[in-house]
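*Asks:* One file is attached below, upload.txt, containing compact mmCIF, C-alpha atoms.
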```
# COMPACT_ATOMS: atom_id res chain seq x y z
CA MET A 25 -21.67 21.08 -12.06
CA THR A 26 -23.09 20.00 -8.69
CA HIS A 27 -20.85 18.78 -5.89
CA GLU A 28 -22.21 15.24 -6.35
CA SER A 29 -21.49 15.36 -10.09
CA PHE A 30 -17.96 16.55 -9.39
CA LEU A 31 -17.30 13.54 -7.15
CA ALA A 32 -18.76 11.25 -9.83
CA SER A 33 -16.12 12.54 -12.29
CA ILE A 34 -13.31 11.23 -10.06
CA SER A 35 -12.45 7.56 -10.50
CA LEU A 36 -12.16 6.98 -6.75
CA PHE A 37 -15.89 7.73 -6.36
CA SER A 38 -17.20 6.71 -9.78
CA SER A 39 -18.80 3.48 -8.53
CA LEU A 40 -20.86 5.29 -5.87
CA ASP A 41 -24.49 6.18 -6.50
CA MET A 42 -25.90 9.66 -5.82
CA ASP A 43 -26.96 8.91 -2.25
CA GLU A 44 -23.55 7.43 -1.41
CA ARG A 45 -21.75 10.48 -2.82
CA ARG A 46 -24.01 12.74 -0.74
CA GLU A 47 -23.17 10.70 2.33
CA LEU A 48 -19.46 11.25 1.73
CA LEU A 49 -19.96 14.96 1.07
CA ASN A 50 -21.71 15.27 4.43
CA LEU A 51 -18.40 14.19 6.00
CA ALA A 52 -16.24 16.47 3.87
CA GLU A 53 -14.81 19.83 4.93
CA PRO A 54 -14.40 22.46 2.16
CA PHE A 55 -10.93 24.02 1.92
CA SER A 56 -9.43 27.02 0.14
CA PHE A 57 -5.67 27.57 0.21
CA PRO A 58 -3.86 30.51 -1.45
CA ALA A 59 -0.74 30.08 -3.56
CA GLY A 60 2.37 29.37 -1.49
CA THR A 61 0.51 27.46 1.24
CA LEU A 62 1.99 24.21 2.51
CA ILE A 63 -1.02 21.88 2.76
CA PHE A 64 1.03 19.19 4.48
CA ASP A 65 4.70 18.43 4.92
CA GLN A 66 6.67 15.24 4.51
CA GLY A 67 6.61 13.38 7.81
CA ASP A 68 3.30 14.88 8.98
CA LEU A 69 0.68 12.52 10.34
CA ALA A 70 -1.48 11.30 7.43
CA ASP A 71 -4.84 12.47 8.74
CA GLY A 72 -6.96 12.47 5.56
CA MET A 73 -7.18 13.09 1.82
CA TYR A 74 -7.76 16.23 -0.25
CA VAL A 75 -9.91 16.23 -3.39
CA LEU A 76 -8.96 19.19 -5.60
CA GLU A 77 -11.89 20.88 -7.38
CA ARG A 78 -9.78 23.71 -8.79
CA GLY A 79 -6.22 24.99 -8.62
CA LYS A 80 -2.79 23.35 -8.80
CA VAL A 81 -0.54 21.72 -6.17
CA GLN A 82 3.13 20.74 -6.41
CA LEU A 83 4.35 17.62 -4.60
CA TRP A 84 7.88 17.60 -3.17
CA ALA A 85 10.03 14.92 -1.53
CA ARG A 86 12.80 15.85 0.89
CA LEU A 87 16.04 13.94 0.46
CA LEU A 88 18.89 15.38 2.54
CA GLY A 89 18.66 18.28 4.92
CA GLU A 90 16.57 21.04 3.36
CA GLU A 91 16.97 19.82 -0.22
CA GLN A 92 13.90 18.58 -2.06
CA ILE A 93 13.08 16.99 -5.38
CA ALA A 94 10.01 17.97 -7.38
CA LEU A 95 7.51 15.19 -7.98
CA ALA A 96 4.17 15.48 -9.78
CA GLN A 97 1.83 18.46 -10.08
CA VAL A 98 -1.82 17.79 -9.21
CA GLY A 99 -4.60 19.81 -10.83
CA ALA A 100 -8.39 20.02 -10.73
CA GLY A 101 -9.94 16.58 -10.25
CA GLY A 102 -6.80 15.27 -8.57
CA VAL A 103 -6.53 13.64 -5.16
CA LEU A 104 -3.83 14.23 -2.53
CA GLY A 105 -2.96 11.89 0.31
CA GLU A 106 -5.66 9.35 -0.47
CA PHE A 107 -3.80 6.47 1.15
CA ALA A 108 -4.26 8.19 4.51
CA LEU A 109 -7.66 6.48 4.55
CA ILE A 110 -6.06 3.03 4.60
CA ASP A 111 -2.58 3.76 6.01
CA HIS A 112 -2.22 5.29 9.46
CA GLY A 113 1.34 6.39 8.74
CA THR A 114 3.00 9.68 7.84
CA ARG A 115 3.07 11.78 4.68
CA SER A 116 5.72 10.59 2.22
CA ALA A 117 5.85 13.96 0.41
CA ALA A 118 5.03 17.64 0.90
CA ALA A 119 2.20 19.41 -0.96
CA GLU A 120 2.54 23.14 -1.84
CA VAL A 121 -0.17 25.23 -3.53
CA ILE A 122 0.88 26.81 -6.84
CA ASP A 123 -2.50 28.30 -7.86
CA LEU A 124 -5.42 28.94 -5.49
CA ALA A 125 -6.55 25.46 -4.47
CA GLN A 126 -10.13 24.65 -3.46
CA GLY A 127 -11.91 21.38 -2.83
CA TYR A 128 -12.87 18.94 -0.09
CA PHE A 129 -10.98 17.38 2.80
CA PHE A 130 -12.01 13.89 4.00
CA SER A 131 -10.55 13.20 7.43
CA GLN A 132 -9.28 9.71 8.18
CA ARG A 133 -11.11 9.77 11.52
CA ARG A 134 -14.54 10.54 10.04
CA PHE A 135 -14.09 8.11 7.17
CA GLU A 136 -13.14 5.35 9.62
CA LEU A 137 -16.40 5.91 11.52
CA LEU A 138 -18.30 5.48 8.24
CA HIS A 139 -16.32 2.35 7.44
CA THR A 140 -16.81 0.88 10.91
CA ASP A 141 -20.55 1.33 10.46
CA ASN A 142 -20.23 -0.81 7.29
CA ARG A 143 -21.68 1.88 5.03
CA SER A 144 -21.61 1.08 1.32
CA ALA A 145 -20.02 4.44 0.45
CA ALA A 146 -16.99 3.58 2.58
CA ARG A 147 -16.78 -0.03 1.32
CA LYS A 148 -16.81 1.02 -2.32
CA THR A 149 -14.27 3.79 -1.75
CA MET A 150 -11.95 1.41 0.10
CA HIS A 151 -12.21 -1.06 -2.78
CA GLU A 152 -11.16 1.63 -5.27
CA LEU A 153 -8.32 2.70 -2.97
CA ARG A 154 -7.01 -0.88 -2.82
CA LEU A 155 -7.07 -1.13 -6.62
CA SER A 156 -5.27 2.23 -6.86
CA LEU A 157 -2.65 1.02 -4.38
CA CYS A 158 -2.16 -2.15 -6.44
CA GLN A 159 -1.77 -0.08 -9.60
CA ARG A 160 0.80 2.18 -7.93
CA LEU A 161 2.77 -0.83 -6.67
CA ARG A 162 2.84 -2.35 -10.14
CA ALA A 163 4.06 0.91 -11.67
CA ALA A 164 6.74 1.40 -9.00
CA SER A 165 7.98 -2.19 -9.32
CA SER A 166 8.16 -1.84 -13.11
CA GLU A 167 10.10 1.42 -12.84
CA LEU A 168 12.51 -0.08 -10.35
CA GLY A 169 13.05 -3.06 -12.63
CA GLU A 170 14.17 -0.67 -15.37
CA SER A 171 16.30 1.54 -13.13
CA SER A 172 20.00 1.80 -12.33
CA PRO A 173 22.00 -1.46 -12.31
CA ALA A 174 23.55 -0.50 -8.96
CA PHE A 175 21.50 -3.17 -7.22
CA TYR A 176 22.54 -6.75 -6.59
CA GLU A 177 21.59 -8.71 -9.68
CA TYR A 178 22.20 -12.12 -11.15
CA THR A 179 21.28 -13.93 -14.36
CA GLN A 180 18.96 -16.86 -14.69
CA ARG A 181 21.96 -19.09 -15.34
CA SER A 182 23.41 -18.30 -11.91
CA MET A 183 20.17 -18.72 -9.98
CA PRO A 184 20.23 -21.60 -7.50
CA PRO A 185 19.36 -24.98 -9.02
CA PRO A 186 16.05 -26.54 -8.01
CA PRO A 187 16.38 -27.52 -4.34
CA PRO A 188 16.61 -31.25 -3.63
CA ASP A 189 14.21 -31.04 -0.68
CA ALA A 190 10.49 -31.12 -1.37
CA PRO A 191 8.15 -28.58 0.27
CA ILE A 192 6.38 -29.81 3.39
CA ARG A 193 2.77 -28.81 3.96
CA ALA A 194 1.06 -28.83 7.38
CA PRO A 195 -2.10 -27.38 8.97
CA ALA A 196 -1.55 -23.81 10.15
CA ALA A 197 -3.50 -24.67 13.30
CA ASP A 198 -0.41 -26.64 14.45
CA LEU A 199 1.59 -23.41 14.85
CA ASP A 200 2.28 -22.14 18.37
CA PRO A 201 0.11 -19.00 18.79
CA LEU A 202 2.30 -17.62 21.59
CA ARG A 203 5.39 -17.63 19.36
CA LEU A 204 3.44 -16.24 16.42
CA ARG A 205 2.21 -13.27 18.43
CA ALA A 206 5.83 -12.20 18.95
CA LEU A 207 6.01 -11.41 15.19
CA PRO A 208 4.80 -8.12 13.62
CA PHE A 209 1.95 -9.42 11.44
CA PHE A 210 0.52 -11.76 14.08
CA SER A 211 0.99 -9.55 17.18
CA GLN A 212 -2.28 -7.65 16.72
CA PHE A 213 -4.46 -10.77 17.02
CA THR A 214 -5.70 -12.22 20.29
CA ALA A 215 -5.17 -15.95 20.82
CA GLY A 216 -8.80 -16.63 19.84
CA GLU A 217 -8.65 -14.44 16.73
CA LEU A 218 -5.39 -16.06 15.66
CA LYS A 219 -6.93 -19.50 16.06
CA SER A 220 -9.87 -18.42 13.86
CA LEU A 221 -7.52 -16.97 11.23
CA LEU A 222 -5.28 -20.06 11.08
CA ALA A 223 -7.97 -22.77 11.17
CA PRO A 224 -8.56 -23.07 7.37
CA LEU A 225 -4.99 -22.27 6.31
CA SER A 226 -1.77 -24.20 5.64
CA VAL A 227 1.90 -23.61 6.36
CA TRP A 228 4.79 -24.66 4.15
CA THR A 229 8.35 -25.52 5.10
CA LEU A 230 10.42 -24.54 2.06
CA PRO A 231 14.15 -25.03 1.31
CA ARG A 232 16.56 -22.29 0.38
CA GLY A 233 16.27 -21.31 -3.30
CA TYR A 234 12.66 -22.44 -3.68
CA VAL A 235 10.86 -20.09 -6.11
CA LEU A 236 7.34 -19.31 -4.86
CA TYR A 237 6.34 -17.43 -8.01
CA SER A 238 7.92 -15.43 -10.82
CA ASP A 239 7.18 -12.09 -12.43
CA GLY A 240 4.26 -12.58 -14.85
CA ASP A 241 2.91 -15.78 -13.25
CA PRO A 242 -0.88 -16.02 -12.84
CA ARG A 243 -2.29 -14.71 -9.60
CA GLY A 244 -2.34 -17.00 -6.58
CA SER A 245 -2.01 -16.96 -2.80
CA ALA A 246 -0.57 -14.36 -0.47
CA PHE A 247 1.96 -15.39 2.19
CA ALA A 248 3.23 -14.41 5.62
CA THR A 249 6.73 -15.32 6.76
CA VAL A 250 6.73 -17.32 10.00
CA ARG A 251 10.43 -18.24 10.00
CA GLY A 252 13.36 -17.60 7.68
CA ALA A 253 13.43 -15.00 4.91
CA VAL A 254 12.05 -14.43 1.42
CA GLU A 255 13.61 -12.34 -1.34
CA ILE A 256 11.34 -10.21 -3.54
CA ILE A 257 12.86 -9.88 -7.01
CA ALA A 258 12.06 -8.02 -10.22
CA GLY A 259 13.17 -9.17 -13.65
CA ARG A 260 14.37 -7.49 -16.83
CA GLY A 261 15.32 -9.85 -19.63
CA ASN A 262 17.53 -12.52 -18.07
CA GLN A 263 18.54 -10.29 -15.14
CA TRP A 264 16.95 -10.19 -11.71
CA ARG A 265 17.18 -7.52 -9.05
CA ARG A 266 16.39 -7.70 -5.38
CA GLN A 267 13.65 -5.33 -4.25
CA ALA A 268 13.35 -6.44 -0.64
CA ILE A 269 14.23 -9.12 1.88
CA LEU A 270 11.30 -10.04 4.14
CA GLY A 271 11.97 -11.75 7.44
CA PRO A 272 9.59 -13.24 10.02
CA GLY A 273 6.22 -11.57 10.46
CA ARG A 274 6.06 -9.96 6.99
CA LEU A 275 3.09 -10.24 4.61
CA PHE A 276 3.65 -10.34 0.83
CA GLY A 277 2.25 -11.44 -2.53
CA LEU A 278 -0.96 -9.40 -2.17
CA VAL A 279 -1.22 -7.38 -5.38
CA ALA A 280 -2.04 -10.14 -7.88
CA PRO A 281 -4.77 -11.87 -5.84
CA LEU A 282 -6.34 -8.50 -5.02
CA ASP A 283 -6.48 -6.96 -8.51
CA GLY A 284 -6.64 -10.18 -10.54
CA GLY A 285 -3.58 -9.46 -12.66
CA PRO A 286 -0.34 -11.44 -13.05
CA ARG A 287 2.45 -11.33 -10.47
CA GLU A 288 4.27 -7.98 -10.59
CA THR A 289 7.42 -9.40 -8.94
CA GLY A 290 8.95 -12.75 -8.13
CA ALA A 291 9.57 -14.30 -4.71
CA ALA A 292 12.18 -16.87 -3.72
CA VAL A 293 13.20 -18.38 -0.38
CA ARG A 294 16.46 -16.78 0.74
CA GLU A 295 16.98 -19.18 3.64
CA GLU A 296 14.92 -22.14 4.77
CA ALA A 297 11.52 -20.73 5.61
CA ILE A 298 8.16 -21.53 7.10
CA LEU A 299 5.42 -19.61 5.32
CA LEU A 300 1.73 -19.21 6.07
CA GLU A 301 -0.30 -19.45 2.84
CA ILE A 302 -3.45 -17.31 2.51
CA PRO A 303 -5.31 -18.43 -0.65
CA GLU A 304 -6.97 -15.87 -2.88
CA GLY A 305 -10.45 -17.06 -1.91
CA ASP A 306 -9.71 -16.57 1.80
CA LEU A 307 -8.40 -13.07 1.16
CA HIS A 308 -11.61 -12.05 -0.59
CA ARG A 309 -13.73 -13.71 2.07
CA HIS A 310 -12.04 -11.57 4.71
CA LEU A 311 -12.51 -8.46 2.56
CA GLN A 312 -16.27 -9.08 2.58
CA SER A 313 -16.46 -9.90 6.29
CA GLU A 314 -16.91 -7.41 9.12
CA ASN A 315 -15.72 -9.53 12.07
CA ALA A 316 -12.75 -8.37 14.13
CA THR A 317 -10.34 -10.98 12.73
CA SER A 318 -11.11 -10.01 9.14
CA ARG A 319 -10.83 -6.29 9.85
CA MET A 320 -7.38 -6.75 11.40
CA LEU A 321 -6.22 -8.90 8.50
CA VAL A 322 -7.39 -6.28 5.99
CA ASP A 323 -5.64 -3.53 7.99
CA ALA A 324 -2.45 -5.62 7.95
CA MET A 325 -2.76 -6.08 4.18
CA HIS A 326 -3.10 -2.32 3.68
CA ALA A 327 -0.12 -1.64 5.94
CA ALA A 328 2.08 -4.18 4.13
CA MET A 329 1.22 -2.80 0.70
CA SER A 330 1.68 0.81 1.79
CA GLU A 331 5.08 0.04 3.31
CA ALA A 332 6.15 -1.80 0.13
CA LEU A 333 5.16 1.23 -1.96
CA ARG A 334 6.94 3.65 0.37
CA ALA A 335 10.12 1.56 0.34
CA THR A 336 10.13 1.25 -3.46
CA ASN A 337 9.48 4.97 -3.90
CA ARG A 338 12.31 5.85 -1.50
CA THR A 339 14.68 3.79 -3.62
CA LEU A 340 13.46 5.38 -6.85
CA LEU A 341 13.80 8.88 -5.40
CA ALA A 342 17.33 8.22 -4.23
CA GLN A 343 18.28 7.02 -7.72
CA SER A 344 16.74 9.96 -9.56
CA ALA A 345 17.89 12.69 -7.17
CA MET A 346 21.16 13.67 -8.81
CA GLY A 347 20.77 16.74 -11.00
CA ARG A 348 17.10 17.25 -10.12
CA ILE A 349 17.36 18.67 -6.60
CA SER A 350 15.94 22.12 -5.86
CA HIS A 351 16.19 24.04 -2.61
CA ARG A 352 13.28 24.24 -0.24
CA LYS A 353 11.53 27.60 0.13
CA LYS A 354 9.87 28.96 3.25
CA ARG A 355 6.16 28.20 3.19
CA SER A 356 3.24 29.07 5.41
CA ARG A 357 1.01 26.44 6.97
CA PRO A 358 -2.72 26.42 6.25
CA PRO A 359 -5.31 26.64 9.00
CA GLU A 360 -6.26 23.35 10.62
CA THR A 361 -8.59 21.24 8.47
CA ALA A 362 -9.57 18.54 10.93
```
Go through the file and emit its structure as structure tokens.
*Replies:*
Amino acid sequence: MTHESFLASISLFSSLDMDERRELLNLAEPFSFPAGTLIFDQGDLADGMYVLERGKVQLWARLLGEEQIALAQVGAGGVLGEFALIDHGTRSAAAEVIDLAQGYFFSQRRFELLHTDNRSAARKTMHELRLSLCQRLRAASSELGESSPAFYEYTQRSMPPPPPDAPIRAPAADLDPLRLRALPFFSQFTAGELKSLLAPLSVWTLPRGYVLYSDGDPRGSAFATVRGAVEIIAGRGNQWRRQAILGPGRLFGLVAPLDGGPRETGAAVREEAILLEIPEGDLHRHLQSENATSRMLVDAMHAAMSEALRATNRTLLAQSAMGRISHRKKRSRPPETA
């Protein structure tokens, strides 16, 4: 099997043509790690992804002190650390070689240069990464919905009654850009870029208890919290569990409009809120655009989704830790790959 054919067998690269796969391979650095090597550790800077052509790697997550819990094993054809290409954060797990591991390393820095140049190989790969991130979020939310009842929960009968106040809609252009830029999501935009982003959008003033959408609803808009707080909830039968509380400057509701499926969670206003609505069509328009405003919005979307996945996985790990903890062994670091 040729190197190009090997990449074609991996779903992340399956939509690329031969020339695009060759372009990616020109950026790749071959690696070969013996058994016992620590490829990366939890907390390391996420500097790229590893595509495994042969061998086996064990993923570990550290919980308390030097104790770790075993996660999945990745074999030939598997990918490690792929979200490093869209998330400039740190590794959420450690990766240790079990059997001689060989394959290709794609550095985040080199891939970003390809993406900045608007190359089709990078665009298609980023699209597949987004879909994979959506799939992982759906799976994690579903698992959390079926997990321990230790979380705050309430039945449908005890949910707040429909609020008496009607939602109020206004042009987003009326928002004060100076105040907005004090919030996490909006801080990265210049005043001009923020004006361009807000021009076609709307903001809603919503009362406490207002349900934006429920688990299983058809896809719709994404939202950013301008003021107040929103509760993200997951359902099981007639019970609901809180997954997160999102205050000002947080972006949410992205999965369904991005992958076209139903809502994977619900969202309700926890306290009176002002929310910026980003319709599905606007999201996809920004995904196809290469201007600075669109690129920053897409980066913010990736960061919000990655953080949501990390937070959900941390909760799941904490719940499943008891009885499955093994002690960390001393491991050697591999040579530098980037």
*Asks:* Restricting the calculation to only C-alpha atoms, which member of A:Arg251, A:Ser38, A:Ala297, A:Gly277 is positioned closest to Gly233 of chain A?
*Replies:* A:Ala297
*Asks:* Enter the distance from atom CA of Leu83 of chain A to atom CA of Val279 of chain A, in Å, rounded to one decimal.
*Replies:* 25.6 Å
*Asks:* Just the number, please: distance in Å from atom CA of Thr61 of chain A to atom CA of Ala108 of chain A, one decimal.
*Replies:* 20.1 Å
*Asks:* Measure the distance from atom CA of Ala332 of chain A to atom CA of Pro191 of chain A in Å and round it to one decimal.
*Replies:*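 Separation between atom CA of Ala332 of chain A and atom CA of Pro191 of chain A: 26.9 Å.
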*Asks:* Counting only C-alpha atoms, what is within 9 Å of Leu299 of chain A, bar same-chain residues fewer than 6 positions away, as a PyMOL selection string?
*Replies:* chain A and resi 226-230+247-252+272
*Asks:* Edge lengths and centre in Å to one decimal, as AutoDock Vina command-line options, of the axis-aligned box that encloses all listed atoms of segment 53-69 of chain A with 6 Å added on every side?
*Replies:*
```
--center_x -4.1 --center_y 21.5 --center_z 3.4 --size_x 33.5 --size_y 30.0 --size_z 25.9
```
